[in-house]
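Peer 1: The structure file data-v5.tsv (TSV, C-alpha atoms) is provided below.
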chain	number	residue	atom	x	y	z
O	27	MET	CA	-16.66	-3.13	-22.17
O	28	GLN	CA	-13.04	-3.27	-21.03
O	29	THR	CA	-12.48	-2.12	-17.46
O	30	SER	CA	-9.42	-0.22	-16.30
O	31	VAL	CA	-6.29	-1.98	-15.11
O	32	LYS	CA	-6.16	-2.69	-11.37
O	33	ILE	CA	-2.86	-4.60	-11.08
O	34	LYS	CA	0.29	-4.28	-13.18
O	35	ILE	CA	2.85	-7.07	-12.84
O	36	ARG	CA	6.19	-6.49	-14.54
O	37	ASP	CA	9.26	-8.76	-14.86
O	38	LEU	CA	8.22	-10.83	-11.87
O	39	TYR	CA	10.47	-13.62	-10.61
O	40	PHE	CA	9.81	-15.73	-7.54
O	41	TYR	CA	12.47	-17.95	-6.02
O	42	TYR	CA	12.16	-20.48	-3.23
O	43	ARG	CA	15.60	-21.35	-1.91
O	44	THR	CA	17.49	-22.67	-4.95
O	45	ARG	CA	14.43	-23.11	-7.17
O	46	THR	CA	12.96	-20.63	-9.65
O	47	ILE	CA	9.17	-20.90	-9.27
O	48	LEU	CA	7.98	-17.98	-11.42
O	49	GLU	CA	9.97	-16.46	-14.25
O	50	ASN	CA	9.65	-13.16	-16.11
O	51	ILE	CA	5.89	-12.64	-15.66
O	52	SER	CA	4.40	-9.42	-17.02
O	53	ILE	CA	0.60	-9.17	-17.10
O	54	ASP	CA	-2.24	-6.74	-16.39
O	55	ILE	CA	-5.29	-7.62	-14.31
O	56	HIS	CA	-8.43	-5.54	-14.82
O	57	GLU	CA	-10.60	-4.27	-11.99
O	58	ASN	CA	-14.02	-5.79	-11.19
O	59	THR	CA	-13.21	-8.99	-13.06
O	60	ILE	CA	-12.52	-12.60	-12.20
O	61	THR	CA	-9.08	-13.70	-13.39
O	62	SER	CA	-8.37	-17.44	-13.28
O	63	ILE	CA	-4.98	-19.13	-12.93
O	64	THR	CA	-4.93	-22.75	-14.08
O	65	GLY	CA	-2.20	-25.25	-14.90
O	66	PRO	CA	-0.63	-28.52	-13.75
O	67	SER	CA	-0.09	-29.19	-10.05
O	68	GLY	CA	3.16	-28.06	-8.49
O	69	GLN	CA	3.78	-25.21	-10.93
O	70	GLY	CA	3.52	-22.36	-8.42
O	71	LYS	CA	-0.08	-21.16	-8.75
O	72	SER	CA	-0.53	-20.76	-5.00
O	73	SER	CA	2.89	-19.11	-4.76
O	74	PHE	CA	1.76	-16.56	-7.33
O	75	LEU	CA	-1.18	-15.60	-5.12
O	76	THR	CA	1.06	-15.18	-2.06
O	77	VAL	CA	3.20	-12.71	-4.00
O	78	LEU	CA	0.21	-10.42	-4.52
O	79	ASN	CA	-0.27	-9.78	-0.79
O	80	ARG	CA	3.35	-10.44	0.24
O	81	LEU	CA	2.37	-13.49	2.25
O	82	CYS	CA	5.39	-15.04	0.55
O	83	HIS	CA	7.57	-13.00	2.91
O	84	ASN	CA	6.51	-15.41	5.67
O	85	MET	CA	8.21	-18.26	3.80
O	86	ASP	CA	11.82	-18.93	4.82
O	87	GLY	CA	14.01	-18.84	1.72
O	88	ALA	CA	11.51	-17.04	-0.55
O	89	ARG	CA	12.67	-14.12	-2.73
O	90	VAL	CA	10.84	-11.88	-5.17
O	91	HIS	CA	12.28	-9.74	-7.97
O	92	GLY	CA	10.25	-7.46	-10.20
O	93	GLN	CA	7.33	-5.17	-9.61
O	94	VAL	CA	3.71	-5.60	-8.55
O	95	SER	CA	1.81	-2.30	-8.68
O	96	ILE	CA	-1.81	-1.93	-7.59
O	97	ASP	CA	-4.09	1.09	-7.99
O	98	PHE	CA	-6.00	1.43	-4.73
O	99	GLY	CA	-7.50	4.75	-5.80
O	100	ASN	CA	-4.53	7.11	-5.77
O	101	GLY	CA	-2.54	5.78	-8.71
O	102	PHE	CA	-0.34	2.71	-8.96
O	103	GLU	CA	1.80	1.82	-5.95
O	104	ASN	CA	4.57	-0.79	-5.94
O	105	ILE	CA	3.61	-3.06	-3.04
O	106	PHE	CA	7.19	-4.35	-2.73
O	107	LYS	CA	8.65	-0.99	-1.79
O	108	LYS	CA	10.15	-1.28	1.69
O	109	GLU	CA	8.11	1.66	2.96
O	110	TYR	CA	4.79	0.18	1.81
O	111	PRO	CA	2.89	-0.75	5.02
O	112	LEU	CA	2.17	-4.47	5.14
O	113	PRO	CA	-0.90	-4.20	7.44
O	114	GLU	CA	-2.48	-1.75	4.98
O	115	LEU	CA	-1.79	-4.11	2.08
O	116	ARG	CA	-3.41	-7.05	3.89
O	117	LYS	CA	-6.56	-4.94	4.46
O	118	ARG	CA	-6.77	-4.10	0.77
O	119	VAL	CA	-5.83	-7.54	-0.60
O	120	GLY	CA	-7.72	-10.36	1.10
O	121	MET	CA	-7.06	-14.08	0.69
O	122	VAL	CA	-9.11	-17.24	1.12
O	123	PHE	CA	-7.30	-20.58	1.18
O	124	GLN	CA	-8.15	-23.93	-0.38
O	125	THR	CA	-9.09	-25.60	2.90
O	126	PRO	CA	-11.56	-23.63	5.08
O	127	ASN	CA	-9.81	-22.48	8.25
O	128	PRO	CA	-12.41	-21.21	10.73
O	129	LEU	CA	-10.86	-20.00	13.96
O	130	PRO	CA	-11.71	-21.90	17.19
O	131	MET	CA	-14.33	-19.37	18.23
O	132	SER	CA	-17.91	-18.41	17.44
O	133	ILE	CA	-19.26	-17.60	13.99
O	134	TYR	CA	-19.61	-13.94	14.96
O	135	LYS	CA	-16.13	-13.67	16.43
O	136	ASN	CA	-14.59	-15.29	13.34
O	137	VAL	CA	-15.90	-12.52	11.11
O	138	ALA	CA	-15.25	-9.75	13.66
O	139	PHE	CA	-11.66	-10.88	14.29
O	140	PRO	CA	-9.99	-8.90	11.44
O	141	LEU	CA	-11.81	-5.75	12.52
O	142	LYS	CA	-10.49	-6.07	16.05
O	143	LEU	CA	-6.97	-6.68	14.75
O	144	ALA	CA	-7.34	-3.53	12.64
O	145	GLY	CA	-8.25	-1.52	15.72
O	146	TYR	CA	-12.00	-1.06	15.30
O	147	LYS	CA	-13.53	-0.06	18.67
O	148	SER	CA	-17.23	0.59	17.97
O	149	GLN	CA	-19.17	-2.55	18.85
O	150	ASP	CA	-22.19	-1.29	16.93
O	151	GLY	CA	-20.01	-0.63	13.89
O	152	ILE	CA	-18.48	-4.10	14.16
O	153	ARG	CA	-21.93	-5.71	14.36
O	154	LYS	CA	-23.06	-3.89	11.23
O	155	LYS	CA	-19.95	-4.88	9.30
O	156	VAL	CA	-20.22	-8.53	10.39
O	157	LYS	CA	-23.86	-8.69	9.28
O	158	LYS	CA	-23.05	-7.03	5.96
O	159	SER	CA	-20.17	-9.41	5.27
O	160	LEU	CA	-22.24	-12.49	6.12
O	161	GLU	CA	-24.95	-11.21	3.78
O	162	HIS	CA	-22.41	-10.67	1.00
O	163	ALA	CA	-21.21	-14.24	1.53
O	164	PHE	CA	-24.77	-15.63	1.23
O	165	LEU	CA	-24.51	-16.90	4.81
O	166	TRP	CA	-26.49	-14.50	7.01
O	167	ASP	CA	-29.88	-16.23	6.69
O	168	GLU	CA	-28.32	-19.57	7.61
O	169	VAL	CA	-26.45	-18.41	10.72
O	170	LYS	CA	-28.24	-15.30	12.04
O	171	ASN	CA	-29.82	-17.30	14.87
O	172	ARG	CA	-26.63	-19.15	15.82
O	173	LEU	CA	-23.91	-16.51	15.76
O	174	THR	CA	-22.56	-17.70	19.12
O	175	ASP	CA	-22.10	-21.29	17.89
O	176	ASP	CA	-18.62	-22.67	17.29
O	177	ALA	CA	-17.76	-21.90	13.65
O	178	ARG	CA	-16.14	-25.33	13.28
O	179	LEU	CA	-19.60	-26.92	13.50
O	180	LEU	CA	-20.62	-25.42	10.15
O	181	SER	CA	-20.68	-27.59	7.03
O	182	GLY	CA	-17.76	-27.45	4.60
O	183	GLY	CA	-19.57	-25.13	2.21
O	184	GLN	CA	-20.66	-22.88	5.05
O	185	GLN	CA	-17.12	-22.78	6.45
O	186	GLN	CA	-15.78	-21.66	3.08
O	187	ARG	CA	-18.39	-18.90	2.88
O	188	LEU	CA	-17.53	-17.92	6.46
O	189	CYS	CA	-13.90	-17.55	5.44
O	190	LEU	CA	-15.03	-15.40	2.52
O	191	ALA	CA	-17.08	-13.25	4.89
O	192	ARG	CA	-14.08	-12.92	7.21
O	193	SER	CA	-11.97	-11.71	4.30
O	194	LEU	CA	-14.68	-9.36	3.02
O	195	VAL	CA	-15.28	-7.66	6.37
O	196	LEU	CA	-12.35	-5.27	5.76
O	197	GLU	CA	-13.80	-4.45	2.32
O	198	PRO	CA	-10.71	-5.46	0.30
O	199	GLN	CA	-10.25	-4.13	-3.21
O	200	VAL	CA	-8.58	-7.37	-4.35
O	201	LEU	CA	-9.61	-10.88	-3.32
O	202	LEU	CA	-7.27	-13.86	-3.81
O	203	LEU	CA	-8.86	-17.32	-3.86
O	204	ASP	CA	-6.84	-20.54	-3.81
O	205	GLU	CA	-9.03	-23.40	-5.09
O	206	PRO	CA	-12.10	-22.09	-3.22
O	207	THR	CA	-14.38	-24.97	-4.25
O	208	SER	CA	-12.03	-27.96	-4.38
O	209	SER	CA	-13.43	-29.73	-1.32
O	210	LEU	CA	-17.10	-28.83	-1.74
O	211	ASP	CA	-20.14	-30.71	-3.01
O	212	GLU	CA	-21.90	-29.71	-6.22
O	213	THR	CA	-24.55	-27.59	-4.49
O	214	SER	CA	-21.96	-25.65	-2.48
O	215	VAL	CA	-19.85	-25.11	-5.61
O	216	GLN	CA	-22.84	-23.56	-7.37
O	217	VAL	CA	-23.47	-21.23	-4.42
O	218	ILE	CA	-19.83	-20.11	-4.32
O	219	GLU	CA	-19.77	-19.48	-8.08
O	220	GLU	CA	-22.94	-17.37	-7.87
O	221	LEU	CA	-21.40	-15.48	-4.98
O	222	LEU	CA	-18.18	-14.74	-6.88
O	223	ALA	CA	-20.13	-13.47	-9.89
O	224	LEU	CA	-21.71	-10.87	-7.60
O	225	LEU	CA	-18.58	-10.10	-5.59
O	226	LYS	CA	-16.64	-8.95	-8.65
O	227	ASN	CA	-18.84	-5.84	-8.64
O	228	ARG	CA	-17.19	-4.91	-5.33
O	229	CYS	CA	-13.63	-6.13	-5.82
O	230	THR	CA	-11.13	-7.63	-8.26
O	231	ILE	CA	-10.91	-11.41	-7.93
O	232	ILE	CA	-7.93	-13.63	-8.79
O	233	MET	CA	-8.69	-17.32	-8.47
O	234	VAL	CA	-6.59	-20.46	-8.74
O	235	SER	CA	-8.69	-23.36	-10.03
O	236	HIS	CA	-8.14	-26.84	-11.46
O	237	TYR	CA	-11.65	-26.98	-12.87
O	238	VAL	CA	-11.75	-26.04	-16.55
O	239	ASP	CA	-15.56	-25.98	-16.66
O	240	GLN	CA	-15.69	-23.64	-13.66
O	241	VAL	CA	-13.19	-21.29	-15.27
O	242	LYS	CA	-15.26	-21.19	-18.45
O	243	ARG	CA	-18.38	-20.38	-16.45
O	244	ILE	CA	-17.14	-17.49	-14.34
O	245	ALA	CA	-13.71	-16.19	-15.40
O	246	ASP	CA	-13.39	-12.98	-17.44
O	247	GLN	CA	-9.68	-13.49	-18.06
O	248	GLN	CA	-7.78	-16.78	-18.07
O	249	PHE	CA	-4.09	-17.55	-17.61
O	250	VAL	CA	-2.21	-20.85	-17.57
O	251	LEU	CA	0.90	-21.30	-15.42
O	252	ARG	CA	3.29	-23.86	-16.86
O	253	ASN	CA	7.08	-24.15	-16.78
O	254	ARG	CA	7.36	-21.02	-14.61
O	255	LYS	CA	5.57	-18.88	-17.24
O	256	LEU	CA	2.11	-17.35	-17.03
O	257	ASN	CA	0.40	-17.14	-20.42
O	258	LYS	CA	-3.00	-15.75	-21.34
O	259	VAL	CA	-5.51	-18.22	-22.79
Can you dump the structure from the file as structure tokens?

Peer 2:
Amino acid sequence: MQTSVKIKIRDLYFYYRTRTILENISIDIHENTITSITGPSGQGKSSFLTVLNRLCHNMDGARVHGQVSIDFGNGFENIFKKEYPLPELRKRVGMVFQTPNPLPMSIYKNVAFPLKLAGYKSQDGIRKKVKKSLEHAFLWDEVKNRLTDDARLLSGGQQQRLCLARSLVLEPQVLLLDEPTSSLDETSVQVIEELLALLKNRCTIIMVSHYVDQVKRIADQQFVLRNRKLNKV
């Protein structure tokens, strides 16, 4: 059964300095699905993800034209309107990068960090949200007795799931994943794929991947980015 549209992208162009990276992209992304973005290296797949949470605005020389509208529950809102609050967008649209980037602090503090940035004060509430996020990331049972350990001591697969937990702790409605399994062993890849299949019941997932077999296994909608164009498979 077709789900409702979560994200509407219309006439999107992305420029980096003198280069056109993305050109005239107009697509719909449905809620509670996994949408994959594949294509040759260097085509702008990661840049496309950064447009969806305006992380591209941190790039010197980056410009965006067009419209990205997301329905967060009160109708579609254009996230590129000047008055749209960036901190609110980053709560609603989480992102996990290709290389795990645990912060130089404990496992617990890594996951709690976004909550503290967002102004959460209740320590009991923070503890409950951290536990819930670690459970959703299939990591709680592995770390519940070592929450004060340095997060950088975790294995690669565990670090990636920790980063997922850190992104999930704010309960985003959209989750952006940039090659989330590229540096992981086969067992860790399987765990992450099982996790994503469950997570799409809670949020809309957009994933960049080079792995055709992975895309076939878990993606509900597939696009290929080539020559600045994004086309549905």

Peer 1: Near region 210-224 of chain O, within 12 Å and counting all atoms listed in the file, which residues show up once chain neighbours fewer than 2 positions away are dropped, as a count of residues only?

Peer 2: 51

Peer 1: Quote the spacing between CA of Gln199 (chain O) and CA of Val259 (chain O) in Å to one decimal place.

Peer 2: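 So the answer is 24.6 Å.
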
Peer 1: Grab the CA of Phe74 (chain O) to CA of Thr29 (chain O) distance for me, in Å with one decimal place.

Peer 2: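 According to the coordinates, CA of Phe74 (chain O) and CA of Thr29 (chain O) are separated by 22.7 Å.
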
Peer 1: How many Å lie between CA of Ala88 (chain O) and CA of Val250 (chain O), rounded to one decimal?

Peer 2: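 Going from CA of Ala88 (chain O) over to CA of Val250 (chain O), I get 22.2 Å.
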
Peer 1: Could you give me, as a ChimeraX atom specification, the residues within 10 Å of region 105-118 of chain O, counting all atoms listed in the file and dropping anything in the same chain fewer than 5 positions from it?

Peer 2: /O:77-81,90-96,98,140-141,143-144,193-201,229

Peer 1: Write a file of the just-selected residues containing C-alpha atoms, as a PDB file, keeping the file's coordinate frame.

Peer 2:
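Output (result_30.pdb):
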ATOM      1  CA  VAL O  77       3.200 -12.710  -4.000  1.00  0.00           C
ATOM      2  CA  LEU O  78       0.210 -10.420  -4.520  1.00  0.00           C
ATOM      3  CA  ASN O  79      -0.270  -9.780  -0.790  1.00  0.00           C
ATOM      4  CA  ARG O  80       3.350 -10.440   0.240  1.00  0.00           C
ATOM      5  CA  LEU O  81       2.370 -13.490   2.250  1.00  0.00           C
ATOM      6  CA  VAL O  90      10.840 -11.880  -5.170  1.00  0.00           C
ATOM      7  CA  HIS O  91      12.280  -9.740  -7.970  1.00  0.00           C
ATOM      8  CA  GLY O  92      10.250  -7.460 -10.200  1.00  0.00           C
ATOM      9  CA  GLN O  93       7.330  -5.170  -9.610  1.00  0.00           C
ATOM     10  CA  VAL O  94       3.710  -5.600  -8.550  1.00  0.00           C
ATOM     11  CA  SER O  95       1.810  -2.300  -8.680  1.00  0.00           C
ATOM     12  CA  ILE O  96      -1.810  -1.930  -7.590  1.00  0.00           C
ATOM     13  CA  PHE O  98      -6.000   1.430  -4.730  1.00  0.00           C
ATOM     14  CA  PRO O 140      -9.990  -8.900  11.440  1.00  0.00           C
ATOM     15  CA  LEU O 141     -11.810  -5.750  12.520  1.00  0.00           C
ATOM     16  CA  LEU O 143      -6.970  -6.680  14.750  1.00  0.00           C
ATOM     17  CA  ALA O 144      -7.340  -3.530  12.640  1.00  0.00           C
ATOM     18  CA  SER O 193     -11.970 -11.710   4.300  1.00  0.00           C
ATOM     19  CA  LEU O 194     -14.680  -9.360   3.020  1.00  0.00           C
ATOM     20  CA  VAL O 195     -15.280  -7.660   6.370  1.00  0.00           C
ATOM     21  CA  LEU O 196     -12.350  -5.270   5.760  1.00  0.00           C
ATOM     22  CA  GLU O 197     -13.800  -4.450   2.320  1.00  0.00           C
ATOM     23  CA  PRO O 198     -10.710  -5.460   0.300  1.00  0.00           C
ATOM     24  CA  GLN O 199     -10.250  -4.130  -3.210  1.00  0.00           C
ATOM     25  CA  VAL O 200      -8.580  -7.370  -4.350  1.00  0.00           C
ATOM     26  CA  LEU O 201      -9.610 -10.880  -3.320  1.00  0.00           C
ATOM     27  CA  CYS O 229     -13.630  -6.130  -5.820  1.00  0.00           C
TER      28      CYS O 229
END

Peer 1: Leaving out region 134-138 of chain O and any residue of its chain fewer than 4 positions from it, which residues lie within 6 Å of it when counting all atoms listed in the file, given as JSON, numbers by chain?

Peer 2: {"O": [156, 173, 192]}

Peer 1: Please, could you write that set of residues out with C-alpha atoms as a PDB file, in the coordinates of the input?

Peer 2:
ATOM      1  CA  VAL O 156     -20.220  -8.530  10.390  1.00  0.00           C
ATOM      2  CA  LEU O 173     -23.910 -16.510  15.760  1.00  0.00           C
ATOM      3  CA  ARG O 192     -14.080 -12.920   7.210  1.00  0.00           C
TER       4      ARG O 192
END
